[in-house]
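Asker: I'd like to ask some things about the structure below.
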Amino acid sequence: MDEMSTIAKKSIEIAKGINGLDKVILREIHGSSVEVYLYGGHVTSWKNEHGEELLFLSSKANFKPPKAVRGGIPICFPQFSNLGSLEAHGFARNRVWMIDNDPPPFPPNVTNRVYVDLLLKPTEDDLKIWPHSFEYRLRITLGPGGDLMLTSRIRNTNTDGKPFTFTFAYHTYFAVSDISEVRVEGLETLDYLDNLKNRERYTEQGDAITFESEVDKIYLSTPTKIAILDHEKKRTFVIRKDGLPDAVVWNPWDKKAKTIADLGDEDYKHMLCVEAAAIERPITLRPGEEWKVRLELSAVPSSYCSGQLDPNKVIQGS
């Protein structure tokens, strides 16, 4: 076995998680890590090289199928929210995915990345509620700087010649120190659908988005880069996305939080969902067609002076 294969094997571990559910742990040489449960193809943990958790997980998170896990990065497919006849957010997040032990390789010039490919195909029961054959390949990659990348490839494998249509979101829960000290940059002046007002369309006013009450909005035609600035932690999350035009911003605030059974009453203070999504214009695939999208998350100190990671420059895409 060559040295690279040995390194790869050491950096990927399959283990038992909460309630005996199988999980995959990816470790990067400088100390960052990712945990993903096969149940839901669900990333539940992303830690930087200091071991600090970057994703929020509810204090009351349920790791009991068929309930979805509250926190981390749930996959919403083939339906976002209640925009269709399926259960809210579809069924991908509460099915057991398989590990692909022989995944397609990265291009030869891409090195130092630890990754796992998970596969989801419909069960007989799934075909009864959503009568479409598909293959969903989710690649979870941990880069050398601790960046987390999720690449989704969804293929229509129908043999009856029929297309299918779906909506989608990476429902990412970011861990923040205090929601009232957080702002989101990159969504200024954009149109959004307000889920608290029957999805009526509005235009965002003012500068960066800040939080002082419940927010549940679908921003439309968003840039490829969005920044979440956590003032207290002096940390900035940079979201880079490809092929996902929409961005959902959600925090339930105090009253709504109390109505969510698997969310602690005070949890809303330490979470913010900014979700890369395809909602306003549903995706249609003909048989044999594949849809590929990507989400890349990085966490950087907010105390830097200038350069590529300056929030304003990040947003402008320089």
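Every chain in the structure tokens has a letter given in the order shown (A, B, ...), and although residue numbers restart at 1 in each chain, ligands are simply numbered from 1 in the order shown.
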Set the distance at 8 Å and use only C-alpha atoms: which residues neighbour A:Ile179 once local chain neighbours fewer than 3 positions away are removed? I'd like the list as a VMD selection string.

Answerer: chain A and resid 176 182 211 268 to 272

Asker: I need the residues from that last selection saved to file as a PDB file, in the first residue's frame (with all heavy atoms), if you can.

Answerer:
```pdb
ATOM      1  N   VAL A 176     -23.112  30.285  16.399  1.00  0.00           N
ATOM      2  CA  VAL A 176     -22.718  31.671  16.656  1.00  0.00           C
ATOM      3  C   VAL A 176     -22.720  31.917  18.162  1.00  0.00           C
ATOM      4  O   VAL A 176     -23.407  31.226  18.918  1.00  0.00           O
ATOM      5  CB  VAL A 176     -23.643  32.678  15.939  1.00  0.00           C
ATOM      6  CG1 VAL A 176     -23.568  32.478  14.425  1.00  0.00           C
ATOM      7  CG2 VAL A 176     -25.086  32.567  16.408  1.00  0.00           C
ATOM      8  N   VAL A 182     -24.528  39.230  15.512  1.00  0.00           N
ATOM      9  CA  VAL A 182     -24.148  38.632  14.224  1.00  0.00           C
ATOM     10  C   VAL A 182     -24.720  39.462  13.086  1.00  0.00           C
ATOM     11  O   VAL A 182     -25.821  40.015  13.196  1.00  0.00           O
ATOM     12  CB  VAL A 182     -24.682  37.182  14.148  1.00  0.00           C
ATOM     13  CG1 VAL A 182     -24.555  36.615  12.742  1.00  0.00           C
ATOM     14  CG2 VAL A 182     -23.953  36.304  15.153  1.00  0.00           C
ATOM     15  N   PHE A 211     -30.078  40.795  13.536  1.00  0.00           N
ATOM     16  CA  PHE A 211     -31.173  39.970  14.065  1.00  0.00           C
ATOM     17  C   PHE A 211     -31.645  40.489  15.413  1.00  0.00           C
ATOM     18  O   PHE A 211     -30.862  40.610  16.354  1.00  0.00           O
ATOM     19  CB  PHE A 211     -30.705  38.514  14.183  1.00  0.00           C
ATOM     20  CG  PHE A 211     -30.268  37.943  12.856  1.00  0.00           C
ATOM     21  CD1 PHE A 211     -28.946  38.074  12.434  1.00  0.00           C
ATOM     22  CD2 PHE A 211     -31.176  37.337  12.012  1.00  0.00           C
ATOM     23  CE1 PHE A 211     -28.547  37.591  11.200  1.00  0.00           C
ATOM     24  CE2 PHE A 211     -30.791  36.856  10.776  1.00  0.00           C
ATOM     25  CZ  PHE A 211     -29.474  36.976  10.368  1.00  0.00           C
ATOM     26  N   TYR A 268     -31.850  29.266  20.216  1.00  0.00           N
ATOM     27  CA  TYR A 268     -31.910  30.212  19.097  1.00  0.00           C
ATOM     28  C   TYR A 268     -30.817  31.274  19.193  1.00  0.00           C
ATOM     29  O   TYR A 268     -30.396  31.846  18.181  1.00  0.00           O
ATOM     30  CB  TYR A 268     -33.299  30.880  19.033  1.00  0.00           C
ATOM     31  CG  TYR A 268     -33.510  31.958  20.079  1.00  0.00           C
ATOM     32  CD1 TYR A 268     -33.231  33.294  19.801  1.00  0.00           C
ATOM     33  CD2 TYR A 268     -33.971  31.640  21.359  1.00  0.00           C
ATOM     34  CE1 TYR A 268     -33.411  34.282  20.762  1.00  0.00           C
ATOM     35  CE2 TYR A 268     -34.148  32.610  22.321  1.00  0.00           C
ATOM     36  CZ  TYR A 268     -33.859  33.934  22.019  1.00  0.00           C
ATOM     37  OH  TYR A 268     -34.025  34.905  22.978  1.00  0.00           O
ATOM     38  N   LYS A 269     -30.331  31.539  20.411  1.00  0.00           N
ATOM     39  CA  LYS A 269     -29.306  32.576  20.598  1.00  0.00           C
ATOM     40  C   LYS A 269     -27.971  32.172  19.984  1.00  0.00           C
ATOM     41  O   LYS A 269     -27.122  33.021  19.718  1.00  0.00           O
ATOM     42  CB  LYS A 269     -29.106  32.847  22.093  1.00  0.00           C
ATOM     43  CG  LYS A 269     -30.321  33.443  22.786  1.00  0.00           C
ATOM     44  CD  LYS A 269     -30.054  33.603  24.275  1.00  0.00           C
ATOM     45  CE  LYS A 269     -31.271  34.187  24.982  1.00  0.00           C
ATOM     46  NZ  LYS A 269     -31.055  34.255  26.449  1.00  0.00           N
ATOM     47  N   HIS A 270     -27.790  30.873  19.781  1.00  0.00           N
ATOM     48  CA  HIS A 270     -26.469  30.363  19.384  1.00  0.00           C
ATOM     49  C   HIS A 270     -26.478  29.705  18.013  1.00  0.00           C
ATOM     50  O   HIS A 270     -25.570  28.952  17.680  1.00  0.00           O
ATOM     51  CB  HIS A 270     -25.972  29.372  20.445  1.00  0.00           C
ATOM     52  CG  HIS A 270     -26.009  29.940  21.826  1.00  0.00           C
ATOM     53  ND1 HIS A 270     -25.238  31.016  22.204  1.00  0.00           N
ATOM     54  CD2 HIS A 270     -26.778  29.622  22.912  1.00  0.00           C
ATOM     55  CE1 HIS A 270     -25.494  31.320  23.468  1.00  0.00           C
ATOM     56  NE2 HIS A 270     -26.427  30.499  23.909  1.00  0.00           N
ATOM     57  N   MET A 271     -27.495  29.993  17.201  1.00  0.00           N
ATOM     58  CA  MET A 271     -27.617  29.377  15.874  1.00  0.00           C
ATOM     59  C   MET A 271     -28.050  30.403  14.837  1.00  0.00           C
ATOM     60  O   MET A 271     -28.714  31.395  15.154  1.00  0.00           O
ATOM     61  CB  MET A 271     -28.641  28.238  15.899  1.00  0.00           C
ATOM     62  CG  MET A 271     -30.036  28.691  16.305  1.00  0.00           C
ATOM     63  SD  MET A 271     -31.380  27.595  15.779  1.00  0.00           S
ATOM     64  CE  MET A 271     -31.675  28.209  14.107  1.00  0.00           C
ATOM     65  N   LEU A 272     -27.641  30.156  13.624  1.00  0.00           N
ATOM     66  CA  LEU A 272     -28.159  30.907  12.485  1.00  0.00           C
ATOM     67  C   LEU A 272     -28.122  29.992  11.270  1.00  0.00           C
ATOM     68  O   LEU A 272     -27.083  29.417  10.954  1.00  0.00           O
ATOM     69  CB  LEU A 272     -27.322  32.163  12.208  1.00  0.00           C
ATOM     70  CG  LEU A 272     -27.755  32.953  10.966  1.00  0.00           C
ATOM     71  CD1 LEU A 272     -29.179  33.476  11.105  1.00  0.00           C
ATOM     72  CD2 LEU A 272     -26.779  34.086  10.670  1.00  0.00           C
TER      73      LEU A 272
END
```

Asker: Would you write out, as CSV, a table of all residues in stretch 131-212 of chain A that have an atom no more than 10 Å from an atom of stretch 87-94 of chain A, listing for each the closest atom pair and the distance in Å to one decimal, considering only C-alpha atoms and ordering rows by chain and rising residue number?

Answerer:
```
residue,atom,partner,partner_atom,distance
A:Tyr136,CA,A:Ala92,CA,9.3
A:Phe166,CA,A:Gly90,CA,9.6
A:Thr167,CA,A:His89,CA,9.0
A:Phe168,CA,A:His89,CA,8.2
A:Ala169,CA,A:His89,CA,8.4
A:His171,CA,A:His89,CA,9.3
```

Asker: Using only C-alpha atoms, which of A:Asn48, A:Thr111, A:Leu220, A:Trp253 sits nearest A:Asp265?

Answerer: A:Trp253

Asker: Between A:Asn82, A:Thr141, A:Ser133, A:Asn112, which has the minimum distance to A:Gly161 (counting only C-alpha atoms)?

Answerer: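 Smallest distance to A:Gly161 is found for A:Ser133.
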
Asker: What residues in stretch 153-222 of chain A get the DSSP label strand (DSSP E or B)? Please answer as a ChimeraX atom specification.

Answerer: /A:153-156,164-170,173-175,182-185,191-194,200-203,209-210,215-219

Asker: What lies within 10 Å of A:Asp254 using only C-alpha atoms, ignoring chain neighbours under 4 positions off, as an MDAnalysis selection string?

Answerer: chainID A and resid 213:214 258:259 264:269

Asker: Using N, CA, C and O atoms, can you write the selected residues to a file as a PDB file, in the first residue's frame?

Answerer:
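And here's again.pdb as it stands now:
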```pdb
ATOM      1  N   SER A 213     -35.350  39.740  15.977  1.00  0.00           N
ATOM      2  CA  SER A 213     -36.640  39.045  16.070  1.00  0.00           C
ATOM      3  C   SER A 213     -36.593  37.878  15.086  1.00  0.00           C
ATOM      4  O   SER A 213     -35.592  37.682  14.386  1.00  0.00           O
ATOM      5  N   GLU A 214     -37.703  37.113  15.022  1.00  0.00           N
ATOM      6  CA  GLU A 214     -37.746  35.963  14.128  1.00  0.00           C
ATOM      7  C   GLU A 214     -37.523  36.379  12.673  1.00  0.00           C
ATOM      8  O   GLU A 214     -38.091  37.372  12.204  1.00  0.00           O
ATOM      9  N   LYS A 258     -39.756  27.988  21.404  1.00  0.00           N
ATOM     10  CA  LYS A 258     -40.479  27.244  22.453  1.00  0.00           C
ATOM     11  C   LYS A 258     -41.490  26.267  21.855  1.00  0.00           C
ATOM     12  O   LYS A 258     -41.921  25.331  22.529  1.00  0.00           O
ATOM     13  N   THR A 259     -41.862  26.463  20.596  1.00  0.00           N
ATOM     14  CA  THR A 259     -42.845  25.574  19.964  1.00  0.00           C
ATOM     15  C   THR A 259     -42.176  24.421  19.219  1.00  0.00           C
ATOM     16  O   THR A 259     -42.863  23.539  18.713  1.00  0.00           O
ATOM     17  N   GLY A 264     -33.896  23.484  22.117  1.00  0.00           N
ATOM     18  CA  GLY A 264     -33.912  24.060  23.457  1.00  0.00           C
ATOM     19  C   GLY A 264     -34.419  25.495  23.430  1.00  0.00           C
ATOM     20  O   GLY A 264     -34.231  26.212  22.440  1.00  0.00           O
ATOM     21  N   ASP A 265     -35.042  25.937  24.511  1.00  0.00           N
ATOM     22  CA  ASP A 265     -35.649  27.274  24.550  1.00  0.00           C
ATOM     23  C   ASP A 265     -34.638  28.387  24.287  1.00  0.00           C
ATOM     24  O   ASP A 265     -34.990  29.432  23.729  1.00  0.00           O
ATOM     25  N   GLU A 266     -33.400  28.201  24.703  1.00  0.00           N
ATOM     26  CA  GLU A 266     -32.376  29.235  24.551  1.00  0.00           C
ATOM     27  C   GLU A 266     -31.460  28.985  23.335  1.00  0.00           C
ATOM     28  O   GLU A 266     -30.561  29.784  23.069  1.00  0.00           O
ATOM     29  N   ASP A 267     -31.692  27.891  22.626  1.00  0.00           N
ATOM     30  CA  ASP A 267     -30.787  27.514  21.528  1.00  0.00           C
ATOM     31  C   ASP A 267     -30.741  28.556  20.413  1.00  0.00           C
ATOM     32  O   ASP A 267     -29.715  28.720  19.743  1.00  0.00           O
ATOM     33  N   TYR A 268     -31.850  29.266  20.216  1.00  0.00           N
ATOM     34  CA  TYR A 268     -31.910  30.212  19.097  1.00  0.00           C
ATOM     35  C   TYR A 268     -30.817  31.274  19.193  1.00  0.00           C
ATOM     36  O   TYR A 268     -30.396  31.846  18.181  1.00  0.00           O
ATOM     37  N   LYS A 269     -30.331  31.539  20.411  1.00  0.00           N
ATOM     38  CA  LYS A 269     -29.306  32.576  20.598  1.00  0.00           C
ATOM     39  C   LYS A 269     -27.971  32.172  19.984  1.00  0.00           C
ATOM     40  O   LYS A 269     -27.122  33.021  19.718  1.00  0.00           O
TER      41      LYS A 269
END
```

Asker: Taking a cut-off of 8 Å and counting only C-alpha atoms, can you build a table that, for each residue of stretch 220-318 of chain A near stretch 60-78 of chain A, reports the nearest atom pair and how far apart they are in Å (one decimal), sorted by chain then residue number, as a Markdown table?

Answerer:
```
| residue | atom | partner | partner_atom | distance |
| --- | --- | --- | --- | --- |
| A:Ala261 | CA | A:Lys60 | CA | 7.9 |
| A:Asp262 | CA | A:Lys60 | CA | 4.8 |
| A:Leu263 | CA | A:Lys60 | CA | 5.4 |
| A:Gly264 | CA | A:Lys60 | CA | 5.9 |
```

Asker: Would you mind exporting N, CA, C and O atoms of the selected residues as a PDB file, in the first residue's frame?

Answerer:
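Written out: selection15.pdb:
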```
ATOM      1  N   ALA A 261     -40.165  21.167  19.344  1.00  0.00           N
ATOM      2  CA  ALA A 261     -39.931  20.168  20.398  1.00  0.00           C
ATOM      3  C   ALA A 261     -38.460  19.787  20.536  1.00  0.00           C
ATOM      4  O   ALA A 261     -37.974  19.557  21.649  1.00  0.00           O
ATOM      5  N   ASP A 262     -37.745  19.718  19.411  1.00  0.00           N
ATOM      6  CA  ASP A 262     -36.350  19.258  19.488  1.00  0.00           C
ATOM      7  C   ASP A 262     -35.346  20.413  19.448  1.00  0.00           C
ATOM      8  O   ASP A 262     -34.199  20.255  19.038  1.00  0.00           O
ATOM      9  N   LEU A 263     -35.799  21.593  19.914  1.00  0.00           N
ATOM     10  CA  LEU A 263     -34.915  22.748  20.023  1.00  0.00           C
ATOM     11  C   LEU A 263     -35.027  23.309  21.435  1.00  0.00           C
ATOM     12  O   LEU A 263     -36.129  23.560  21.926  1.00  0.00           O
ATOM     13  N   GLY A 264     -33.896  23.484  22.117  1.00  0.00           N
ATOM     14  CA  GLY A 264     -33.912  24.060  23.457  1.00  0.00           C
ATOM     15  C   GLY A 264     -34.419  25.495  23.430  1.00  0.00           C
ATOM     16  O   GLY A 264     -34.231  26.212  22.440  1.00  0.00           O
TER      17      GLY A 264
END
```

Asker: What's the separation between atom CA of A:Ser302 and atom CA of A:Leu57, in Å to one decimal place?

Answerer: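 Between atom CA of A:Ser302 and atom CA of A:Leu57 the gap works out to 23.1 Å.
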
Asker: Going by DSSP on the backbone, which residues of stretch 180-227 of chain A come out as helix (DSSP H, G or I)? List them as a ChimeraX atom specification.

Answerer: /A:180-181,195-197

Asker: Store the residues of this selection in a file with N, CA and C atoms, as a PDB file, in the first residue's frame.

Answerer:
```pdb
ATOM      1  N   SER A 180     -27.661  38.208  18.444  1.00  0.00           N
ATOM      2  CA  SER A 180     -27.852  39.660  18.365  1.00  0.00           C
ATOM      3  C   SER A 180     -26.557  40.397  18.017  1.00  0.00           C
ATOM      4  N   GLU A 181     -25.422  39.660  18.008  1.00  0.00           N
ATOM      5  CA  GLU A 181     -24.117  40.255  17.673  1.00  0.00           C
ATOM      6  C   GLU A 181     -23.623  39.792  16.295  1.00  0.00           C
ATOM      7  N   ASN A 195     -41.245  34.175   4.452  1.00  0.00           N
ATOM      8  CA  ASN A 195     -42.033  33.015   4.871  1.00  0.00           C
ATOM      9  C   ASN A 195     -42.977  33.345   6.028  1.00  0.00           C
ATOM     10  N   LEU A 196     -42.733  34.451   6.717  1.00  0.00           N
ATOM     11  CA  LEU A 196     -43.626  34.849   7.812  1.00  0.00           C
ATOM     12  C   LEU A 196     -44.822  35.644   7.291  1.00  0.00           C
ATOM     13  N   LYS A 197     -44.796  35.971   5.991  1.00  0.00           N
ATOM     14  CA  LYS A 197     -45.878  36.752   5.384  1.00  0.00           C
ATOM     15  C   LYS A 197     -46.334  36.086   4.089  1.00  0.00           C
TER      16      LYS A 197
END
```

Asker: I'd like the neighbourhood of A:Ile154 as a CSV table (one decimal) with C-alpha atoms, in the first residue's frame, where a residue qualifies if any of its atoms comes within 10 Å (using only C-alpha atoms), though same-chain residues fewer than 4 positions away should be ignored.

Answerer:
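The resulting file, around05.csv, is reproduced below:
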```
chain,number,residue,atom,x,y,z
A,77,PHE,CA,-34.5,17.0,-1.2
A,119,LEU,CA,-25.2,7.5,-2.2
A,120,LEU,CA,-28.9,7.6,-1.9
A,121,LYS,CA,-31.4,5.8,-4.2
A,134,PHE,CA,-32.8,8.8,-9.0
A,135,GLU,CA,-29.3,8.5,-7.8
A,136,TYR,CA,-28.0,11.2,-5.4
A,137,ARG,CA,-24.2,11.3,-4.9
A,138,LEU,CA,-23.1,13.5,-2.0
A,285,LEU,CA,-34.1,16.8,-15.0
A,289,GLU,CA,-29.5,14.2,-17.0
A,290,GLU,CA,-27.5,15.2,-13.9
A,291,TRP,CA,-27.6,18.3,-11.7
A,292,LYS,CA,-24.4,19.2,-9.9
A,293,VAL,CA,-24.1,21.9,-7.2
```
